[in-house]
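**Student:** One file is attached below, structure.cif, containing mmCIF, C-alpha atoms.
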data_work
#
loop_
_atom_site.label_atom_id
_atom_site.label_comp_id
_atom_site.auth_asym_id
_atom_site.auth_seq_id
_atom_site.Cartn_x
_atom_site.Cartn_y
_atom_site.Cartn_z
CA MET Z 1 0.95 -54.34 47.90
CA ASN Z 2 2.14 -57.57 49.58
CA THR Z 3 4.52 -60.09 48.05
CA TYR Z 4 1.73 -62.33 46.74
CA ASP Z 5 0.02 -59.37 45.05
CA GLN Z 6 3.30 -58.32 43.46
CA ILE Z 7 3.94 -61.80 42.07
CA ILE Z 8 0.38 -62.14 40.77
CA SER Z 9 0.47 -58.68 39.20
CA SER Z 10 3.83 -59.38 37.56
CA PHE Z 11 2.68 -62.65 36.01
CA GLU Z 12 -0.70 -61.30 34.93
CA ALA Z 13 1.13 -58.49 33.13
CA GLN Z 14 2.83 -61.26 31.12
CA GLY Z 15 -0.52 -62.80 30.21
CA ILE Z 16 -0.30 -65.56 32.84
CA HIS Z 17 -3.64 -66.81 34.10
CA SER Z 18 -2.96 -70.28 35.59
CA ILE Z 19 -0.49 -72.31 37.62
CA LEU Z 20 0.34 -75.89 36.71
CA THR Z 21 0.77 -77.33 40.21
CA GLN Z 22 3.06 -80.32 39.70
CA PHE Z 23 4.17 -83.09 42.03
CA CYS Z 24 5.20 -86.66 41.24
CA ASP Z 25 3.77 -90.00 42.29
CA LEU Z 26 5.78 -92.87 43.73
CA HIS Z 27 6.77 -93.98 40.21
CA GLY Z 28 8.30 -90.55 39.55
CA VAL Z 29 5.60 -89.58 37.05
CA ALA Z 30 4.59 -85.91 37.04
CA LYS Z 31 1.02 -85.24 38.18
CA GLY Z 32 -0.90 -82.06 38.90
CA LYS Z 33 -3.67 -79.70 37.88
CA LEU Z 34 -4.25 -76.18 36.58
CA VAL Z 35 -5.38 -73.61 39.15
CA PRO Z 36 -6.00 -69.83 38.87
CA ILE Z 37 -3.00 -67.67 39.66
CA ASP Z 38 -5.30 -65.22 41.48
CA ASN Z 39 -5.50 -67.68 44.39
CA LEU Z 40 -1.71 -68.01 44.78
CA PRO Z 41 -1.76 -67.49 48.59
CA GLU Z 42 -4.08 -70.49 48.99
CA TRP Z 43 -1.92 -72.73 46.82
CA VAL Z 44 1.20 -71.79 48.80
CA ASP Z 45 -0.25 -71.89 52.32
CA GLN Z 46 -2.75 -74.74 52.03
CA GLY Z 47 -1.99 -76.38 48.69
CA ALA Z 48 -3.94 -77.56 45.70
CA GLY Z 49 -6.12 -80.51 46.71
CA PHE Z 50 -6.14 -83.99 45.17
CA ALA Z 51 -7.89 -87.24 46.08
CA GLY Z 52 -5.10 -89.09 47.88
CA PRO Z 53 -5.95 -92.69 46.86
CA SER Z 54 -6.00 -91.61 43.20
CA ILE Z 55 -2.23 -91.08 43.33
CA TRP Z 56 0.15 -94.05 43.22
CA GLY Z 57 1.95 -94.66 46.48
CA THR Z 58 0.48 -92.09 48.87
CA GLY Z 59 -0.90 -94.72 51.23
CA LEU Z 60 -3.83 -92.38 51.95
CA GLY Z 61 -7.34 -93.70 52.66
CA ARG Z 62 -10.66 -92.98 50.97
CA TYR Z 63 -12.07 -90.83 53.77
CA GLY Z 64 -11.07 -88.60 56.67
CA ALA Z 65 -8.72 -85.68 57.15
CA ARG Z 66 -5.79 -87.62 55.69
CA SER Z 67 -7.56 -88.79 52.56
CA GLU Z 68 -6.79 -85.54 50.76
CA TYR Z 69 -3.36 -84.93 49.22
CA TYR Z 70 -2.33 -81.27 49.16
CA GLY Z 71 0.40 -80.08 46.84
CA ARG Z 72 1.84 -76.91 48.36
CA VAL Z 73 3.36 -74.58 45.78
CA GLN Z 74 7.02 -73.72 46.32
CA ILE Z 75 6.86 -70.08 45.37
CA ASP Z 76 10.49 -69.81 44.24
CA SER Z 77 9.84 -72.49 41.63
CA LEU Z 78 7.33 -70.49 39.56
CA ARG Z 79 8.43 -70.46 35.90
CA ALA Z 80 6.47 -69.48 32.81
CA LEU Z 81 6.15 -72.50 30.53
CA PRO Z 82 7.22 -71.67 26.96
CA PHE Z 83 5.18 -74.58 25.59
CA MET Z 84 1.98 -73.65 27.50
CA PRO Z 85 1.22 -69.95 26.94
CA GLY Z 86 -0.51 -68.32 29.89
CA VAL Z 87 0.70 -70.94 32.37
CA VAL Z 88 3.44 -70.99 35.02
CA HIS Z 89 4.89 -74.21 36.39
CA ALA Z 90 5.14 -74.75 40.15
CA VAL Z 91 6.88 -77.51 42.08
CA CYS Z 92 4.76 -78.82 44.96
CA ASP Z 93 5.49 -80.57 48.25
CA GLY Z 94 3.05 -83.25 49.42
CA TYR Z 95 1.02 -82.73 52.59
CA ALA Z 96 -1.85 -84.58 54.28
CA GLY Z 97 -3.70 -83.52 57.41
CA GLY Z 98 -1.57 -80.38 57.55
CA GLN Z 99 1.65 -82.40 57.91
CA PRO Z 100 4.42 -83.27 55.44
CA LEU Z 101 3.53 -86.57 53.78
CA ALA Z 102 6.13 -89.27 54.47
CA THR Z 103 5.30 -91.04 51.20
CA CYS Z 104 5.98 -87.88 49.15
CA SER Z 105 9.36 -88.50 47.50
CA ARG Z 106 10.23 -84.79 47.47
CA GLN Z 107 9.65 -84.65 51.22
CA LEU Z 108 11.79 -87.79 51.47
CA LEU Z 109 14.69 -86.06 49.74
CA LYS Z 110 14.25 -82.93 51.86
CA SER Z 111 14.44 -85.07 54.99
CA GLN Z 112 17.72 -86.66 53.87
CA LEU Z 113 19.16 -83.26 52.96
CA ALA Z 114 18.21 -81.91 56.39
CA LYS Z 115 20.35 -84.64 57.97
CA LEU Z 116 23.19 -83.62 55.70
CA LYS Z 117 22.77 -79.94 56.50
CA ALA Z 118 23.02 -80.76 60.21
CA LYS Z 119 26.53 -82.00 59.42
CA GLY Z 120 27.35 -78.71 57.69
CA LEU Z 121 27.38 -80.35 54.26
CA THR Z 122 25.70 -79.67 50.91
CA LEU Z 123 25.06 -82.24 48.21
CA TRP Z 124 25.53 -81.25 44.57
CA VAL Z 125 24.20 -83.41 41.75
CA GLY Z 126 24.72 -83.24 38.02
CA ILE Z 127 22.13 -85.33 36.16
CA GLU Z 128 22.75 -86.72 32.66
CA PRO Z 129 19.43 -87.44 30.89
CA GLU Z 130 19.58 -90.07 28.14
CA PHE Z 131 16.42 -90.84 26.19
CA PHE Z 132 14.98 -92.30 23.01
CA LEU Z 133 12.79 -90.62 20.41
CA LEU Z 134 10.15 -93.18 19.45
CA LYS Z 135 7.07 -93.39 17.27
CA GLN Z 136 4.26 -95.92 16.80
CA ASP Z 137 3.47 -97.32 13.35
CA ALA Z 138 0.01 -98.01 11.96
CA ASN Z 139 -0.05 -101.39 13.71
CA GLY Z 140 0.77 -99.87 17.09
CA GLN Z 141 4.34 -101.17 17.09
CA TRP Z 142 6.98 -98.93 18.65
CA GLY Z 143 10.08 -98.02 16.69
CA ARG Z 144 12.59 -95.23 16.31
CA ALA Z 145 11.09 -91.89 15.29
CA ASP Z 146 13.90 -91.35 12.77
CA ALA Z 147 13.74 -94.26 10.33
CA GLN Z 148 17.08 -93.23 8.81
CA ASP Z 149 18.86 -93.52 12.16
CA LYS Z 150 20.40 -96.97 11.67
CA LEU Z 151 24.20 -96.77 11.70
CA ASP Z 152 26.06 -99.73 13.18
CA LYS Z 153 27.91 -97.31 15.48
CA PRO Z 154 25.70 -94.21 15.77
CA SER Z 155 27.43 -92.32 18.59
CA TYR Z 156 27.81 -88.60 17.82
CA ASP Z 157 26.10 -89.02 14.43
CA LEU Z 158 25.88 -85.49 12.97
CA LYS Z 159 23.55 -86.53 10.16
CA ALA Z 160 20.97 -87.64 12.71
CA ILE Z 161 21.42 -84.40 14.61
CA TYR Z 162 20.78 -82.48 11.40
CA ARG Z 163 17.67 -84.51 10.59
CA ASN Z 164 16.33 -83.86 14.10
CA ARG Z 165 17.57 -80.28 14.34
CA GLU Z 166 14.07 -78.83 14.74
CA PHE Z 167 13.39 -80.95 17.83
CA LEU Z 168 16.81 -80.13 19.29
CA GLU Z 169 16.46 -76.42 18.58
CA ASP Z 170 13.00 -76.42 20.15
CA MET Z 171 14.49 -78.13 23.22
CA ARG Z 172 17.33 -75.61 23.36
CA HIS Z 173 14.95 -72.67 23.15
CA SER Z 174 12.49 -74.08 25.71
CA LEU Z 175 15.10 -75.17 28.25
CA THR Z 176 17.01 -71.90 27.98
CA ALA Z 177 13.78 -69.97 28.56
CA LEU Z 178 13.24 -72.05 31.72
CA GLY Z 179 16.70 -71.14 33.06
CA PHE Z 180 18.67 -74.27 32.17
CA GLU Z 181 22.36 -73.69 31.54
CA LEU Z 182 22.91 -76.09 28.66
CA GLN Z 183 26.27 -77.78 28.17
CA GLN Z 184 25.82 -80.17 25.25
CA MET Z 185 23.44 -82.16 23.07
CA ASP Z 186 24.59 -85.34 21.35
CA HIS Z 187 23.48 -88.51 19.66
CA GLU Z 188 24.14 -91.41 22.02
CA ASP Z 189 25.29 -95.02 21.48
CA ALA Z 190 21.95 -96.39 20.29
CA CYS Z 191 20.02 -95.49 17.17
CA GLY Z 192 17.28 -93.05 18.14
CA GLN Z 193 18.98 -92.17 21.44
CA TYR Z 194 20.06 -88.71 22.59
CA GLU Z 195 21.58 -87.03 25.62
CA ILE Z 196 21.16 -83.42 26.70
CA ASN Z 197 23.39 -82.13 29.49
CA TYR Z 198 22.98 -79.05 31.64
CA ARG Z 199 24.74 -77.57 34.66
CA PHE Z 200 24.74 -79.34 38.04
CA ASP Z 201 22.87 -77.90 41.02
CA GLU Z 202 22.14 -78.40 44.71
CA ALA Z 203 20.44 -81.77 45.08
CA LEU Z 204 16.81 -80.69 45.56
CA ALA Z 205 17.02 -78.11 42.78
CA ALA Z 206 18.66 -80.73 40.53
CA ALA Z 207 15.76 -83.14 41.09
CA ASP Z 208 13.19 -80.39 40.48
CA ARG Z 209 15.02 -79.39 37.32
CA TYR Z 210 15.06 -82.93 35.98
CA MET Z 211 11.29 -83.21 36.45
CA LEU Z 212 10.91 -79.95 34.52
CA PHE Z 213 13.28 -81.28 31.85
CA LYS Z 214 11.09 -84.36 31.37
CA MET Z 215 7.92 -82.29 31.18
CA THR Z 216 9.52 -80.05 28.57
CA ALA Z 217 10.87 -82.98 26.54
CA HIS Z 218 7.49 -84.72 26.49
CA ALA Z 219 5.80 -81.57 25.20
CA VAL Z 220 8.45 -80.74 22.62
CA ALA Z 221 8.69 -84.30 21.28
CA GLN Z 222 4.91 -84.47 20.91
CA ARG Z 223 4.98 -81.19 19.01
CA HIS Z 224 7.39 -82.82 16.56
CA GLY Z 225 5.41 -86.03 16.17
CA SER Z 226 7.62 -88.19 18.42
CA LEU Z 227 7.56 -89.69 21.88
CA PHE Z 228 10.21 -88.75 24.44
CA SER Z 229 10.84 -92.13 26.08
CA CYS Z 230 12.44 -92.81 29.46
CA MET Z 231 12.19 -96.57 28.91
CA PRO Z 232 15.62 -97.85 29.97
CA LYS Z 233 16.02 -100.55 27.27
CA PRO Z 234 13.59 -100.24 24.33
CA PHE Z 235 15.63 -102.42 21.96
CA ALA Z 236 17.26 -105.72 22.91
CA ASP Z 237 20.27 -105.35 20.59
CA ALA Z 238 21.12 -101.75 21.48
CA PRO Z 239 22.49 -99.95 24.56
CA GLY Z 240 19.97 -98.68 27.08
CA SER Z 241 19.51 -95.28 28.69
CA GLY Z 242 21.08 -94.31 32.00
CA LEU Z 243 20.48 -91.36 34.28
CA HIS Z 244 23.93 -90.94 35.77
CA PHE Z 245 24.34 -88.83 38.91
CA HIS Z 246 27.55 -86.83 39.28
CA ILE Z 247 27.86 -86.40 43.04
CA SER Z 248 29.95 -84.07 45.15
CA LEU Z 249 29.80 -82.60 48.66
CA THR Z 250 30.90 -79.22 49.97
CA ASP Z 251 31.35 -78.15 53.57
CA ALA Z 252 30.08 -74.98 55.24
CA ASN Z 253 32.99 -73.03 53.71
CA GLY Z 254 32.32 -74.29 50.20
CA LYS Z 255 35.31 -76.64 50.22
CA ALA Z 256 35.02 -79.80 48.09
CA VAL Z 257 34.77 -82.65 50.60
CA PHE Z 258 35.51 -85.44 48.12
CA HIS Z 259 38.64 -83.86 46.63
CA GLU Z 260 42.16 -84.63 47.83
CA PRO Z 261 44.86 -83.47 45.37
CA ASN Z 262 47.57 -85.68 46.90
CA ASP Z 263 45.63 -88.91 46.50
CA PRO Z 264 46.35 -91.01 43.36
CA LEU Z 265 42.67 -90.73 42.34
CA GLN Z 266 42.34 -87.22 43.86
CA LEU Z 267 39.78 -88.59 46.29
CA SER Z 268 39.48 -87.91 50.03
CA HIS Z 269 38.85 -90.46 52.77
CA ASP Z 270 35.19 -89.37 52.80
CA ALA Z 271 34.93 -89.98 49.05
CA TYR Z 272 36.20 -93.54 49.48
CA ARG Z 273 33.84 -94.13 52.39
CA PHE Z 274 30.88 -92.69 50.46
CA THR Z 275 31.80 -95.00 47.57
CA ALA Z 276 32.00 -97.94 49.96
CA GLY Z 277 28.50 -97.11 51.18
CA LEU Z 278 27.16 -97.10 47.63
CA LEU Z 279 28.75 -100.48 46.88
CA HIS Z 280 27.66 -101.96 50.21
CA HIS Z 281 24.01 -100.99 49.60
CA ALA Z 282 24.07 -101.39 45.81
CA ASP Z 283 21.70 -104.37 45.65
CA ALA Z 284 19.00 -102.53 47.61
CA LEU Z 285 19.69 -99.30 45.72
CA SER Z 286 19.03 -101.17 42.48
CA ALA Z 287 15.35 -101.39 43.42
CA ILE Z 288 15.04 -97.61 43.75
CA CYS Z 289 17.51 -96.44 41.10
CA ALA Z 290 16.52 -99.05 38.49
CA PRO Z 291 12.91 -99.66 39.50
CA THR Z 292 11.28 -101.37 36.51
CA VAL Z 293 11.28 -104.81 34.94
CA ASN Z 294 12.87 -103.24 31.87
CA SER Z 295 15.64 -101.64 33.95
CA PHE Z 296 17.31 -105.01 34.37
CA LYS Z 297 17.36 -105.58 30.61
CA ARG Z 298 19.76 -102.61 30.64
CA LEU Z 299 21.75 -104.00 33.59
CA ALA Z 300 22.89 -107.08 31.70
CA CYS Z 301 26.10 -108.41 30.14
CA SER Z 302 24.63 -108.25 26.66
CA HIS Z 303 26.05 -107.73 23.21
CA SER Z 304 25.36 -104.34 21.69
CA ALA Z 305 24.75 -103.75 17.99
CA SER Z 306 26.98 -100.68 18.23
CA GLY Z 307 29.83 -102.77 19.64
CA THR Z 308 29.85 -100.70 22.83
CA THR Z 309 27.94 -101.00 26.07
CA TRP Z 310 28.41 -98.97 29.23
CA SER Z 311 26.01 -100.97 31.37
CA PRO Z 312 27.18 -100.86 35.03
CA VAL Z 313 26.78 -104.53 35.88
CA TRP Z 314 29.48 -105.04 38.52
CA LYS Z 315 29.84 -103.58 42.00
CA ALA Z 316 33.19 -101.92 41.52
CA PHE Z 317 34.67 -98.45 41.18
CA GLY Z 318 37.55 -97.04 39.18
CA ASP Z 319 39.18 -93.87 37.94
CA ASN Z 320 37.35 -92.78 34.77
CA ASN Z 321 36.21 -96.38 34.38
CA ARG Z 322 32.79 -96.56 32.72
CA THR Z 323 32.60 -100.33 33.13
CA CYS Z 324 32.13 -99.89 36.91
CA VAL Z 325 28.95 -98.85 38.72
CA VAL Z 326 30.93 -95.99 40.33
CA ARG Z 327 33.24 -93.95 38.13
CA THR Z 328 35.51 -91.48 39.91
CA VAL Z 329 36.52 -88.24 38.21
CA ALA Z 330 38.93 -85.89 40.02
CA GLY Z 331 37.08 -85.28 43.23
CA ARG Z 332 33.58 -86.33 42.30
CA LEU Z 333 31.69 -89.61 41.94
CA GLU Z 334 29.62 -90.68 38.97
CA TRP Z 335 26.89 -93.06 40.20
CA ARG Z 336 26.01 -94.99 37.05
CA LEU Z 337 23.25 -97.23 38.39
CA PRO Z 338 20.16 -94.96 38.00
CA ASP Z 339 18.11 -95.00 34.83
CA PRO Z 340 15.45 -92.55 33.61
CA SER Z 341 12.54 -94.67 34.83
CA CYS Z 342 13.44 -93.89 38.44
CA ASN Z 343 11.74 -91.47 40.80
CA VAL Z 344 14.59 -88.95 40.82
CA TYR Z 345 13.83 -87.63 44.32
CA ALA Z 346 13.80 -91.12 45.83
CA ALA Z 347 16.88 -92.18 43.87
CA ILE Z 348 18.93 -89.20 45.08
CA ALA Z 349 17.65 -89.65 48.64
CA ALA Z 350 18.57 -93.34 48.68
CA THR Z 351 21.97 -92.67 47.11
CA LEU Z 352 22.70 -90.05 49.77
CA ALA Z 353 21.52 -92.31 52.60
CA ALA Z 354 23.79 -95.13 51.41
CA GLY Z 355 26.79 -92.85 50.96
CA LEU Z 356 26.34 -91.23 54.37
CA ASP Z 357 26.14 -94.66 55.96
CA GLY Z 358 29.51 -95.42 54.42
CA MET Z 359 30.97 -92.19 55.80
CA GLU Z 360 29.48 -92.59 59.27
CA ARG Z 361 30.57 -96.21 59.65
CA GLN Z 362 33.89 -95.53 57.91
CA LEU Z 363 33.38 -98.39 55.48
CA HIS Z 364 36.37 -99.41 53.38
CA ALA Z 365 36.13 -99.31 49.61
CA PRO Z 366 37.68 -102.18 47.63
CA MET Z 367 40.72 -101.63 45.47
CA PRO Z 368 39.92 -99.41 42.48
CA CYS Z 369 39.42 -101.22 39.20
CA ASP Z 370 41.87 -100.25 36.47
CA GLU Z 371 40.74 -102.60 33.71
CA ASP Z 372 37.84 -103.07 31.29
CA LEU Z 373 35.48 -105.35 33.19
CA TYR Z 374 33.78 -106.48 30.00
CA GLU Z 375 37.08 -107.71 28.61
CA ARG Z 376 37.82 -109.41 31.93
CA PHE Z 377 34.39 -111.06 31.86
CA ALA Z 378 34.93 -112.28 28.29
CA SER Z 379 38.27 -113.82 29.28
CA GLY Z 380 36.58 -115.97 31.93
CA GLN Z 381 38.40 -114.44 34.92
CA SER Z 382 36.82 -114.01 38.33
CA MET Z 383 34.66 -110.93 38.59
CA PRO Z 384 33.48 -108.50 41.26
CA ASP Z 385 30.01 -109.25 42.60
CA ARG Z 386 27.32 -108.20 40.15
CA LEU Z 387 24.10 -106.33 40.70
CA PRO Z 388 20.77 -108.16 40.97
CA ARG Z 389 19.67 -109.73 37.69
CA ASP Z 390 16.01 -108.78 37.96
CA LEU Z 391 13.58 -106.53 39.77
CA GLY Z 392 12.38 -109.32 42.07
CA LEU Z 393 15.87 -109.88 43.47
CA ALA Z 394 16.42 -106.14 43.85
CA LEU Z 395 13.17 -105.77 45.81
CA ASP Z 396 14.20 -108.66 48.05
CA ALA Z 397 17.51 -106.89 48.68
CA LEU Z 398 15.75 -103.66 49.63
CA ALA Z 399 13.32 -105.46 51.94
CA ALA Z 400 16.27 -107.18 53.67
CA ASN Z 401 18.26 -103.95 54.09
CA GLN Z 402 16.73 -102.62 57.30
CA PRO Z 403 19.31 -99.83 57.84
CA LEU Z 404 18.52 -98.32 54.42
CA MET Z 405 14.78 -98.80 54.96
CA ASP Z 406 15.03 -97.03 58.31
CA ALA Z 407 17.06 -94.18 56.81
CA LEU Z 408 14.52 -93.59 54.05
CA GLY Z 409 11.46 -94.16 56.21
CA THR Z 410 9.38 -97.32 56.42
CA GLU Z 411 6.19 -95.59 55.19
CA PHE Z 412 7.73 -94.76 51.84
CA CYS Z 413 9.56 -98.09 51.53
CA ASP Z 414 6.47 -100.11 52.40
CA GLN Z 415 4.45 -98.36 49.68
CA PHE Z 416 7.31 -98.71 47.21
CA LEU Z 417 7.76 -102.44 47.86
CA LYS Z 418 4.02 -103.07 47.70
CA LEU Z 419 3.58 -101.43 44.30
CA LYS Z 420 6.78 -102.77 42.80
CA ARG Z 421 6.08 -106.33 43.92
CA GLN Z 422 2.72 -106.06 42.16
CA GLU Z 423 4.58 -104.93 39.04
CA TRP Z 424 7.04 -107.82 39.29
CA ASP Z 425 4.27 -110.37 39.88
CA SER Z 426 2.32 -109.06 36.89
CA TYR Z 427 5.39 -109.37 34.67
CA SER Z 428 6.27 -112.83 36.00
CA GLN Z 429 2.79 -114.11 35.17
CA SER Z 430 2.71 -112.66 31.65
CA VAL Z 431 3.52 -114.73 28.55
CA SER Z 432 5.84 -113.10 26.03
CA ALA Z 433 6.23 -113.47 22.28
CA TRP Z 434 9.70 -114.91 22.99
CA GLU Z 435 8.12 -117.78 24.94
CA PHE Z 436 5.75 -118.65 22.08
CA LEU Z 437 8.64 -118.69 19.60
CA ARG Z 438 10.73 -120.82 21.95
CA TYR Z 439 8.23 -123.29 23.33
CA ALA Z 440 4.98 -123.45 21.36
CA ASP Z 441 6.05 -126.38 19.17
CA GLN Z 442 9.27 -127.46 20.89
CA PHE Z 443 8.12 -130.43 22.96
#
Represent the structure contained in this file as structure tokens.

**Tutor:**
Amino acid sequence: MNTYDQIISSFEAQGIHSILTQFCDLHGVAKGKLVPIDNLPEWVDQGAGFAGPSIWGTGLGRYGARSEYYGRVQIDSLRALPFMPGVVHAVCDGYAGGQPLATCSRQLLKSQLAKLKAKGLTLWVGIEPEFFLLKQDANGQWGRADAQDKLDKPSYDLKAIYRNREFLEDMRHSLTALGFELQQMDHEDACGQYEINYRFDEALAAADRYMLFKMTAHAVAQRHGSLFSCMPKPFADAPGSGLHFHISLTDANGKAVFHEPNDPLQLSHDAYRFTAGLLHHADALSAICAPTVNSFKRLACSHSASGTTWSPVWKAFGDNNRTCVVRTVAGRLEWRLPDPSCNVYAAIAATLAAGLDGMERQLHAPMPCDEDLYERFASGQSMPDRLPRDLGLALDALAANQPLMDALGTEFCDQFLKLKRQEWDSYSQSVSAWEFLRYADQF
């Protein structure tokens, strides 16, 4: 019995009949189809087939050998889904015409990691998912799923955790069954907002795991009558959701590259240079790490109903300073720009490309920030440069950043800019309720 037969036999003994072949489109949204597990060799060697132009951002045509998108199953990723009996989940890589597809964001991340591996380095990423539980009312208006969740300062609210214990327990059970090593669950700074943390991993595995986390959360929330929302800023008067990346590098011997115990911040020269790369490319990175119109409602100097906001508005870094876009913590970097609407593969790839550029060119980081930037802003003092104020400016910054575009690959960036400019143009031409209230009878 060959390896394929052994795997098929083992899963069939567990009542498994199908594989959910999952990839993600350019927007980072999970896509896929169900295929019979009996044909596992075909799905691994050739891939499950999809009409390429039906997927956002592939750049594939309507005919010819490269019109078909093939998602090749990564056999080590097979996991039985606790919320879909009889089905295993499989991560897929995108191929077209028998070649890796340059517009596949997972292939993009693999390409960046190959460059890193050639240097004898490994990237580790801890991802912190923040999200809202929402529900629509009879009129189709979105609101918080828990109507009683309305404290002025709701962080760590145990009453809300108790009211939503069935959802949280279902998440704990499902994620544990999928191999997640959970670390904590808490109520975040906004009413209706939660965070679930789990152990860090090698970069590609971390991205795969986050996609599986989202799939699980969508299913579990629906089972409990709610919507798991990755919208960065659902409510104007409340904090938004981030997707912070905790980043570290190790060398071929497993030594922490960013850690230097004798430095005041316990950071090495490479850590400072990586940070400098992030800050240098931050405007362009905003397009990929905060890729929606709504993302920039989060990235604003706004008042929060809870009295607290951690929005990373300014291009600065500091030791355990959550008011900066880079927070340093004893030998690792917390990159606070990404939000949960991003394509996690592309966001990690772009973050790595920017940091490596800083290391390779030995860029100098500014002086670390040791003050609350929001208090400094309120006092009217001069501030560090801030991130772009809207998606249009961020896209312009990406388009103008040829070194980052070259590092990521022009095929992916061209597709990304094309689709995101369409999104920005659509938003810019829309008329909001705010505009009617402001202008309808003003003049």

**Student:** Of the candidates Z:Trp314, Z:Ala350, Z:Asn197, Z:Leu404, which shows the shortest atom-to-atom distance to Arg376 in chain Z, using all atoms listed in the file?

**Tutor:**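 Going through Z:Trp314, Z:Ala350, Z:Asn197, Z:Leu404 one by one, the smallest distance to Arg376 in chain Z is for Z:Trp314.
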
**Student:** Would you translate the PyMOL selection byres ((chain Z and resi 93-96) around 8) into the concrete set of residues it matches in this file, as a list in words?

**Tutor:**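 With the shown file as input, the PyMOL selection byres ((chain Z and resi 93-96) around 8) matches Phe23, Ala65, Arg66, Ser67, Glu68, Tyr69, Tyr70, Gly71, Arg72, Val73, Gln74, Val91, Cys92, Gly97, Gly98, Gln99, Pro100, Leu101, Cys104, Arg106 and Gln107 of chain Z.
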
**Student:** Measure the distance from CA of Leu121 in chain Z to CA of Cys342 in chain Z in Å and round it to one decimal.

**Tutor:**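 Between CA of Leu121 in chain Z and CA of Cys342 in chain Z the gap works out to 25.1 Å.
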
**Student:** Distance CA of Glu169 in chain Z-CA of Met211 in chain Z, one decimal place?

**Tutor:**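 Between CA of Glu169 in chain Z and CA of Met211 in chain Z the gap is 19.8 Å.
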
**Student:** List the residues matched by the PyMOL selection byres ((chain Z and resi 381-385) around 12) in the displayed structure as number ranges by chain, ordered by chain and then by residue number.

**Tutor:** Z: 279-280, 282-283, 312-317, 323-325, 366-369, 371-380, 386-389

**Student:** I need the residues from that last selection saved to file as a short mmCIF file (atom, residue, chain, number, x, y, z; two decimals), in the frame of the given file (with C-alpha atoms), if you can.

**Tutor:**
data_model
loop_
_atom_site.label_atom_id
_atom_site.label_comp_id
_atom_site.auth_asym_id
_atom_site.auth_seq_id
_atom_site.Cartn_x
_atom_site.Cartn_y
_atom_site.Cartn_z
CA LEU Z 279 28.75 -100.48 46.88
CA HIS Z 280 27.66 -101.96 50.21
CA ALA Z 282 24.07 -101.39 45.81
CA ASP Z 283 21.70 -104.37 45.65
CA PRO Z 312 27.18 -100.86 35.03
CA VAL Z 313 26.78 -104.53 35.88
CA TRP Z 314 29.48 -105.04 38.52
CA LYS Z 315 29.84 -103.58 42.00
CA ALA Z 316 33.19 -101.92 41.52
CA PHE Z 317 34.67 -98.45 41.18
CA THR Z 323 32.60 -100.33 33.13
CA CYS Z 324 32.13 -99.89 36.91
CA VAL Z 325 28.95 -98.85 38.72
CA PRO Z 366 37.68 -102.18 47.63
CA MET Z 367 40.72 -101.63 45.47
CA PRO Z 368 39.92 -99.41 42.48
CA CYS Z 369 39.42 -101.22 39.20
CA GLU Z 371 40.74 -102.60 33.71
CA ASP Z 372 37.84 -103.07 31.29
CA LEU Z 373 35.48 -105.35 33.19
CA TYR Z 374 33.78 -106.48 30.00
CA GLU Z 375 37.08 -107.71 28.61
CA ARG Z 376 37.82 -109.41 31.93
CA PHE Z 377 34.39 -111.06 31.86
CA ALA Z 378 34.93 -112.28 28.29
CA SER Z 379 38.27 -113.82 29.28
CA GLY Z 380 36.58 -115.97 31.93
CA ARG Z 386 27.32 -108.20 40.15
CA LEU Z 387 24.10 -106.33 40.70
CA PRO Z 388 20.77 -108.16 40.97
CA ARG Z 389 19.67 -109.73 37.69
#

**Student:** Please list, as a list of chain:residue names, the residues that have an atom at most 10 Å away from (7.8, -80.9, 25.6) in the coordinates of this file, counting only C-alpha atoms.

**Tutor:** Z:Leu81, Z:Pro82, Z:Phe83, Z:Met84, Z:Phe167, Z:Asp170, Z:Met171, Z:Ser174, Z:Leu175, Z:Leu212, Z:Phe213, Z:Lys214, Z:Met215, Z:Thr216, Z:Ala217, Z:His218, Z:Ala219, Z:Val220, Z:Ala221, Z:Gln222, Z:Arg223, Z:His224, Z:Leu227, Z:Phe228

**Student:** Could you state which residues are captured by the PyMOL selection byres ((chain Z and resi 397) around 10) in this file, as a ChimeraX atom specification?

**Tutor:** /Z:281-287,388,391-396,398-402

**Student:** Counting all atoms listed in the file, I want the residues whose atoms come within 7 Å of (25.0, -75.7, 34.6) in the file frame, returned as a ChimeraX atom specification.

**Tutor:** /Z:180-183,198-200

**Student:** Measure the distance from CA of Ser295 in chain Z to CA of Gly57 in chain Z in Å and round it to one decimal.

**Tutor:**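 Straight-line distance from CA of Ser295 in chain Z to CA of Gly57 in chain Z works out to 19.8 Å.
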
**Student:** Taking into account only C-alpha atoms, which residue in the set Z:Gln6, Z:Thr122, Z:Gln136, Z:Ser18 is nearest to Gly86 in chain Z?

**Tutor:** Z:Ser18

**Student:** Return the single residue from Z:Phe416, Z:Phe11, Z:Phe245, Z:Tyr272 that is closest to Pro36 in chain Z, with distances computed using all atoms listed in the file.

**Tutor:**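 Between Z:Phe416, Z:Phe11, Z:Phe245, Z:Tyr272, the residue approaching Pro36 in chain Z most closely is Z:Phe11.
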
**Student:** Which is closest to Trp124 in chain Z among Z:Pro264, Z:Asn343, Z:His246, Z:Arg322, if we use only C-alpha atoms?

**Tutor:**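 Smallest separation from Trp124 in chain Z among the options: Z:His246.
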
**Student:** Which one is closest to Asp146 in chain Z: Z:Leu108, Z:Leu133, Z:Cys301, Z:Ile37? Count only C-alpha atoms.

**Tutor:** Z:Leu133
